[in-house]
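Here is input-v6.pdb, consisting of PDB, C-alpha atoms:
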```
ATOM      1  CA  MET A1206     210.421  89.894  88.467  1.00  0.00           C
ATOM      2  CA  LYS A1207     210.453  86.249  87.329  1.00  0.00           C
ATOM      3  CA  GLU A1208     214.206  86.107  87.875  1.00  0.00           C
ATOM      4  CA  HIS A1209     213.785  87.581  91.365  1.00  0.00           C
ATOM      5  CA  LEU A1210     211.223  84.906  92.258  1.00  0.00           C
ATOM      6  CA  LYS A1211     213.604  82.171  91.039  1.00  0.00           C
ATOM      7  CA  THR A1212     216.349  83.656  93.222  1.00  0.00           C
ATOM      8  CA  CYS A1213     214.028  83.788  96.231  1.00  0.00           C
ATOM      9  CA  LEU A1214     213.007  80.159  95.675  1.00  0.00           C
ATOM     10  CA  GLY A1215     216.650  79.090  95.484  1.00  0.00           C
ATOM     11  CA  ASN A1216     217.389  81.072  98.635  1.00  0.00           C
ATOM     12  CA  PHE A1217     214.444  79.359 100.341  1.00  0.00           C
ATOM     13  CA  PHE A1218     215.891  75.887  99.715  1.00  0.00           C
ATOM     14  CA  ILE A1219     219.386  76.922 100.777  1.00  0.00           C
ATOM     15  CA  CYS A1220     217.878  78.545 103.870  1.00  0.00           C
ATOM     16  CA  VAL A1221     215.853  75.445 104.829  1.00  0.00           C
ATOM     17  CA  THR A1222     218.930  73.231 104.521  1.00  0.00           C
ATOM     18  CA  LEU A1223     221.040  75.535 106.681  1.00  0.00           C
ATOM     19  CA  ILE A1224     218.198  75.887 109.212  1.00  0.00           C
ATOM     20  CA  ASN A1225     218.169  72.109 109.611  1.00  0.00           C
ATOM     21  CA  VAL A1226     221.891  72.196 110.369  1.00  0.00           C
ATOM     22  CA  ALA A1227     221.422  75.068 112.839  1.00  0.00           C
ATOM     23  CA  ILE A1228     218.573  73.256 114.623  1.00  0.00           C
ATOM     24  CA  LEU A1229     220.768  70.181 114.947  1.00  0.00           C
ATOM     25  CA  VAL A1230     223.744  72.120 116.330  1.00  0.00           C
ATOM     26  CA  LEU A1231     221.760  74.399 118.654  1.00  0.00           C
ATOM     27  CA  GLY A1232     219.584  71.522 119.828  1.00  0.00           C
ATOM     28  CA  CYS A1233     222.606  69.389 120.702  1.00  0.00           C
ATOM     29  CA  MET A1234     224.228  72.309 122.524  1.00  0.00           C
ATOM     30  CA  LEU A1235     221.277  73.869 124.370  1.00  0.00           C
ATOM     31  CA  GLU A1236     218.763  71.056 124.894  1.00  0.00           C
ATOM     32  CA  PRO A1237     220.369  67.683 124.072  1.00  0.00           C
ATOM     33  CA  GLU A1238     217.781  65.736 126.082  1.00  0.00           C
ATOM     34  CA  VAL A1239     214.809  66.947 124.002  1.00  0.00           C
ATOM     35  CA  LYS A1240     213.445  64.553 121.372  1.00  0.00           C
ATOM     36  CA  PHE A1241     211.028  65.517 118.595  1.00  0.00           C
ATOM     37  CA  GLY A1242     208.298  63.882 116.553  1.00  0.00           C
ATOM     38  CA  TYR A1243     207.722  64.178 112.836  1.00  0.00           C
ATOM     39  CA  GLU A1244     205.910  67.497 113.200  1.00  0.00           C
ATOM     40  CA  VAL A1245     209.276  69.186 113.737  1.00  0.00           C
ATOM     41  CA  PHE A1246     210.029  68.821 110.016  1.00  0.00           C
ATOM     42  CA  VAL A1247     207.556  71.589 109.198  1.00  0.00           C
ATOM     43  CA  TYR A1248     209.425  74.233 111.218  1.00  0.00           C
ATOM     44  CA  PRO A1249     212.421  74.605 108.860  1.00  0.00           C
ATOM     45  CA  LEU A1250     209.930  75.198 106.037  1.00  0.00           C
ATOM     46  CA  ILE A1251     208.149  77.881 108.066  1.00  0.00           C
ATOM     47  CA  TYR A1252     211.442  79.501 109.096  1.00  0.00           C
ATOM     48  CA  GLY A1253     212.717  79.302 105.507  1.00  0.00           C
ATOM     49  CA  PHE A1254     209.575  81.063 104.282  1.00  0.00           C
ATOM     50  CA  LEU A1255     209.837  83.701 107.012  1.00  0.00           C
ATOM     51  CA  GLY A1256     213.520  84.165 106.143  1.00  0.00           C
ATOM     52  CA  THR A1257     212.822  84.751 102.461  1.00  0.00           C
ATOM     53  CA  LEU A1258     209.769  86.956 103.014  1.00  0.00           C
ATOM     54  CA  PRO A1259     211.768  90.228 103.397  1.00  0.00           C
ATOM     55  CA  GLY A1260     213.543  89.427 100.127  1.00  0.00           C
ATOM     56  CA  LEU A1261     210.200  89.274  98.353  1.00  0.00           C
ATOM     57  CA  VAL A1262     209.010  92.527  99.917  1.00  0.00           C
ATOM     58  CA  MET A1263     212.226  94.490  99.406  1.00  0.00           C
ATOM     59  CA  PHE A1264     212.381  93.845  95.650  1.00  0.00           C
ATOM     60  CA  SER A1265     213.449  96.852  93.596  1.00  0.00           C
ATOM     61  CA  ARG A1266     213.032  97.230  89.841  1.00  0.00           C
ATOM     62  CA  LYS A1267     215.743  99.866  89.594  1.00  0.00           C
ATOM     63  CA  GLU A1268     219.438  99.053  89.648  1.00  0.00           C
ATOM     64  CA  LEU A1269     220.935  99.771  93.073  1.00  0.00           C
ATOM     65  CA  THR A1270     224.437 101.064  93.745  1.00  0.00           C
ATOM     66  CA  ILE A1271     226.814  98.882  95.754  1.00  0.00           C
ATOM     67  CA  GLY A1272     226.256 101.057  98.832  1.00  0.00           C
ATOM     68  CA  GLN A1273     222.478 100.844  98.483  1.00  0.00           C
ATOM     69  CA  THR A1274     222.696  97.087  98.016  1.00  0.00           C
ATOM     70  CA  ILE A1275     224.810  96.661 101.152  1.00  0.00           C
ATOM     71  CA  ILE A1276     222.462  98.847 103.197  1.00  0.00           C
ATOM     72  CA  ARG A1277     219.476  96.915 101.877  1.00  0.00           C
ATOM     73  CA  GLU A1278     221.116  93.578 102.719  1.00  0.00           C
ATOM     74  CA  VAL A1279     221.887  94.733 106.277  1.00  0.00           C
ATOM     75  CA  ILE A1280     218.314  95.988 106.775  1.00  0.00           C
ATOM     76  CA  GLN A1281     216.978  92.769 105.317  1.00  0.00           C
ATOM     77  CA  MET A1282     219.202  90.705 107.630  1.00  0.00           C
ATOM     78  CA  PHE A1283     217.938  92.556 110.712  1.00  0.00           C
ATOM     79  CA  LEU A1284     214.356  92.086 109.504  1.00  0.00           C
ATOM     80  CA  VAL A1285     214.932  88.356 109.110  1.00  0.00           C
ATOM     81  CA  VAL A1286     216.452  88.121 112.612  1.00  0.00           C
ATOM     82  CA  ALA A1287     213.549  90.090 114.104  1.00  0.00           C
ATOM     83  CA  ILE A1288     210.916  88.006 112.287  1.00  0.00           C
ATOM     84  CA  ILE A1289     212.456  84.635 113.183  1.00  0.00           C
ATOM     85  CA  VAL A1290     213.219  85.531 116.820  1.00  0.00           C
ATOM     86  CA  GLY A1291     209.802  87.152 117.207  1.00  0.00           C
ATOM     87  CA  PHE A1292     208.079  84.104 115.730  1.00  0.00           C
ATOM     88  CA  MET A1293     210.019  81.665 117.901  1.00  0.00           C
ATOM     89  CA  PHE A1294     210.166  83.565 121.185  1.00  0.00           C
ATOM     90  CA  GLY A1295     207.467  86.249 121.005  1.00  0.00           C
ATOM     91  CA  ARG A1296     205.641  85.064 124.101  1.00  0.00           C
ATOM     92  CA  TYR A1297     208.769  83.898 125.933  1.00  0.00           C
ATOM     93  CA  ILE A1298     211.099  86.916 125.618  1.00  0.00           C
ATOM     94  CA  ASN A1299     210.856  87.707 129.348  1.00  0.00           C
ATOM     95  CA  VAL A1300     211.043  84.092 130.560  1.00  0.00           C
ATOM     96  CA  PRO A1301     214.099  83.463 132.761  1.00  0.00           C
ATOM     97  CA  GLY A1302     216.716  81.433 130.931  1.00  0.00           C
ATOM     98  CA  ALA A1303     215.427  82.344 127.465  1.00  0.00           C
ATOM     99  CA  ALA A1304     218.264  84.776 126.728  1.00  0.00           C
ATOM    100  CA  PRO A1305     220.910  82.137 125.758  1.00  0.00           C
ATOM    101  CA  LYS A1306     218.437  80.499 123.382  1.00  0.00           C
ATOM    102  CA  ILE A1307     217.411  83.816 121.855  1.00  0.00           C
ATOM    103  CA  ILE A1308     221.050  84.859 121.399  1.00  0.00           C
ATOM    104  CA  GLY A1309     221.917  81.455 119.933  1.00  0.00           C
ATOM    105  CA  VAL A1310     219.049  81.620 117.472  1.00  0.00           C
ATOM    106  CA  ALA A1311     219.836  85.243 116.518  1.00  0.00           C
ATOM    107  CA  ILE A1312     223.496  84.387 115.873  1.00  0.00           C
ATOM    108  CA  SER A1313     222.559  81.310 113.869  1.00  0.00           C
ATOM    109  CA  VAL A1314     220.076  83.360 111.800  1.00  0.00           C
ATOM    110  CA  VAL A1315     222.811  85.898 110.998  1.00  0.00           C
ATOM    111  CA  ILE A1316     225.225  83.099 110.022  1.00  0.00           C
ATOM    112  CA  ILE A1317     222.553  81.423 107.886  1.00  0.00           C
ATOM    113  CA  TYR A1318     221.683  84.745 106.235  1.00  0.00           C
ATOM    114  CA  ILE A1319     225.334  85.374 105.386  1.00  0.00           C
ATOM    115  CA  LEU A1320     225.760  81.825 104.040  1.00  0.00           C
ATOM    116  CA  VAL A1321     222.575  82.027 101.945  1.00  0.00           C
ATOM    117  CA  THR A1322     223.771  85.348 100.504  1.00  0.00           C
ATOM    118  CA  PHE A1323     227.211  83.840  99.801  1.00  0.00           C
ATOM    119  CA  PHE A1324     225.800  80.711  98.120  1.00  0.00           C
ATOM    120  CA  SER A1325     223.396  82.841  96.088  1.00  0.00           C
ATOM    121  CA  TRP A1326     226.328  85.006  94.995  1.00  0.00           C
ATOM    122  CA  LEU A1327     228.290  81.884  93.965  1.00  0.00           C
ATOM    123  CA  ILE A1328     225.332  80.654  91.909  1.00  0.00           C
ATOM    124  CA  ASP A1329     224.993  84.073  90.250  1.00  0.00           C
ATOM    125  CA  LEU A1330     228.735  84.140  89.559  1.00  0.00           C
ATOM    126  CA  ARG A1331     228.588  80.707  87.932  1.00  0.00           C
ATOM    127  CA  THR A1332     225.562  81.716  85.852  1.00  0.00           C
ATOM    128  CA  ALA A1333     227.301  84.910  84.722  1.00  0.00           C
ATOM    129  CA  GLY A1334     230.378  82.892  83.739  1.00  0.00           C
ATOM    130  CA  LYS A1335     228.274  80.517  81.656  1.00  0.00           C
ATOM    131  CA  MET A1336     226.483  83.412  79.981  1.00  0.00           C
ATOM    132  CA  THR A1337     229.784  85.116  79.193  1.00  0.00           C
ATOM    133  CA  GLU A1338     231.164  81.899  77.700  1.00  0.00           C
ATOM    134  CA  GLU A1339     228.030  81.417  75.601  1.00  0.00           C
ATOM    135  CA  LEU A1340     228.230  85.019  74.395  1.00  0.00           C
ATOM    136  CA  LYS A1341     231.889  84.551  73.388  1.00  0.00           C
ATOM    137  CA  ASN A1342     230.990  81.369  71.504  1.00  0.00           C
ATOM    138  CA  TYR A1343     228.130  83.150  69.764  1.00  0.00           C
ATOM    139  CA  GLN A1344     230.355  86.088  68.799  1.00  0.00           C
ATOM    140  CA  GLU A1345     232.995  83.706  67.485  1.00  0.00           C
ATOM    141  CA  LYS A1346     230.386  81.817  65.478  1.00  0.00           C
ATOM    142  CA  MET A1347     228.988  85.042  64.033  1.00  0.00           C
ATOM    143  CA  SER A1348     232.449  86.385  63.119  1.00  0.00           C
ATOM    144  CA  ASN A1349     233.268  83.126  61.300  1.00  0.00           C
ATOM    145  CA  MET A1350     230.046  83.374  59.300  1.00  0.00           C
ATOM    146  CA  CYS A1351     230.854  86.865  57.995  1.00  0.00           C
TER     147      CYS A1351
END
```
Translate this structure into structure tokens?
Amino acid sequence: MKEHLKTCLGNFFICVTLINVAILVLGCMLEPEVKFGYEVFVYPLIYGFLGTLPGLVMFSRKELTIGQTIIREVIQMFLVVAIIVGFMFGRYINVPGAAPKIIGVAISVVIIYILVTFFSWLIDLRTAGKMTEELKNYQEKMSNMC
């Protein structure tokens, strides 16, 4: 469980960084004339938390098969999209002209989710490589002692 919380925290920070990039790109494309105050800096934190929330809820103690993991990731991705879009546009879904913004945000959330998953996988891969190297060194050390 502790390891899962560390992973979720790492994903949160990756998510917040990528959300900042997405806000910059989407803002420049969809509403370049809009300017923000300092209060806008809290939104990536809120969206990052909302984006990692399904990961906290969908934690499983048992080892999942590859198929189960993929299905869980897809479900989790759709949950994240629904939560973020619902939070951002809940009251404005039926407002004329909202569709391009909603689609843009949904696409950016999917891209961010995929990138967060990819970066998390790279971090896990690097950690596994270090652990394997340390285990080999330990085994070598132990075989030399005997």
Just want the 12 Å neighbourhood of A:Phe1241, counted on all atoms listed in the file, with same-chain residues fewer than 4 positions away dropped. Output as a PyMOL selection string.
chain A and resi 1228-1229+1232+1236-1237+1245-1248
Generate a file of the selected residues that holds C-alpha atoms, formatted as a PDB file, in the coordinates of the input.
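Result written to result-v3.pdb:
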```pdb
ATOM      1  CA  ILE A1228     218.573  73.256 114.623  1.00  0.00           C
ATOM      2  CA  LEU A1229     220.768  70.181 114.947  1.00  0.00           C
ATOM      3  CA  GLY A1232     219.584  71.522 119.828  1.00  0.00           C
ATOM      4  CA  GLU A1236     218.763  71.056 124.894  1.00  0.00           C
ATOM      5  CA  PRO A1237     220.369  67.683 124.072  1.00  0.00           C
ATOM      6  CA  VAL A1245     209.276  69.186 113.737  1.00  0.00           C
ATOM      7  CA  PHE A1246     210.029  68.821 110.016  1.00  0.00           C
ATOM      8  CA  VAL A1247     207.556  71.589 109.198  1.00  0.00           C
ATOM      9  CA  TYR A1248     209.425  74.233 111.218  1.00  0.00           C
TER      10      TYR A1248
END
```
Take the PyMOL selection byres ((chain A and resi 1325) around 12), run it mentally on this structure, and tell me the resulting residues as a list in words.
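Checking the PyMOL selection byres ((chain A and resi 1325) around 12) against this file, the residues are His1209, Lys1211, Thr1212, Cys1213, Leu1214, Gly1215, Asn1216, Phe1217, Phe1218, Ile1219, Cys1220, Ile1317, Tyr1318, Ile1319, Leu1320, Val1321, Thr1322, Phe1323, Phe1324, Trp1326, Leu1327, Ile1328, Asp1329, Leu1330, Arg1331 and Thr1332 of chain A.
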Return the single residue from A:Val1239, A:Leu1261, A:Met1336, A:Val1290 that is closest to A:Ala1304, with distances computed using all atoms listed in the file.
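The shortest atom-to-atom distance to A:Ala1304 comes from A:Val1290.
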Computed gap from atom CA of A:Tyr1252 to atom CA of A:Pro1305 is 19.3 Å
So which one's closest to A:Gly1295, A:Ile1307, A:Val1262, A:Leu1235, A:Ala1333? Using only C-alpha atoms, please.
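Of all the options, A:Ile1307 lies closest to A:Gly1295.
You can rank A:Phe1254, A:Ile1316, A:Thr1274, A:Glu1268 by their closest distance to A:Phe1292 using only C-alpha atoms, and at the top of that list sits A:Phe1254.
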Ranking A:Gly1260, A:Met1347, A:Lys1240, A:Leu1340 by minimum distance to A:Val1279 and counting all atoms listed in the file, which one comes first?
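Closest to A:Val1279 of all the choices is A:Gly1260.
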Residues selected by the PyMOL selection byres ((chain A and resi 1287) around 12), written as number ranges by chain:
A: 1252, 1255-1256, 1259, 1280-1286, 1288-1295, 1307-1308, 1310-1312, 1314-1315
Using 6 Å of padding on each side, determine the axis-aligned box around all atoms of stretch 1329-1348 of chain A present in the file and give its centre and edge lengths in Å to one decimal, as lines of an AutoDock Vina configuration file.
```
center_x = 229.0
center_y = 83.5
center_z = 76.7
size_x = 20.0
size_y = 17.9
size_z = 39.1
```
Would you mind telling me which residue in A:Cys1233, A:Ile1276, A:Val1226, A:Val1221 lies nearest to A:Gly1253 when using only C-alpha atoms?
A:Val1221
Rounded to one decimal in Å, what is the spacing between atom CA of A:Lys1306 and atom CA of A:Asn1225?
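Spanning atom CA of A:Lys1306 to atom CA of A:Asn1225 is a straight-line distance of 16.1 Å.
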Just give me the gap between atom CA of A:Lys1207 and atom CA of A:Met1263 in Å, one decimal is fine.
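Straight-line distance from atom CA of A:Lys1207 to atom CA of A:Met1263 works out to 14.7 Å.
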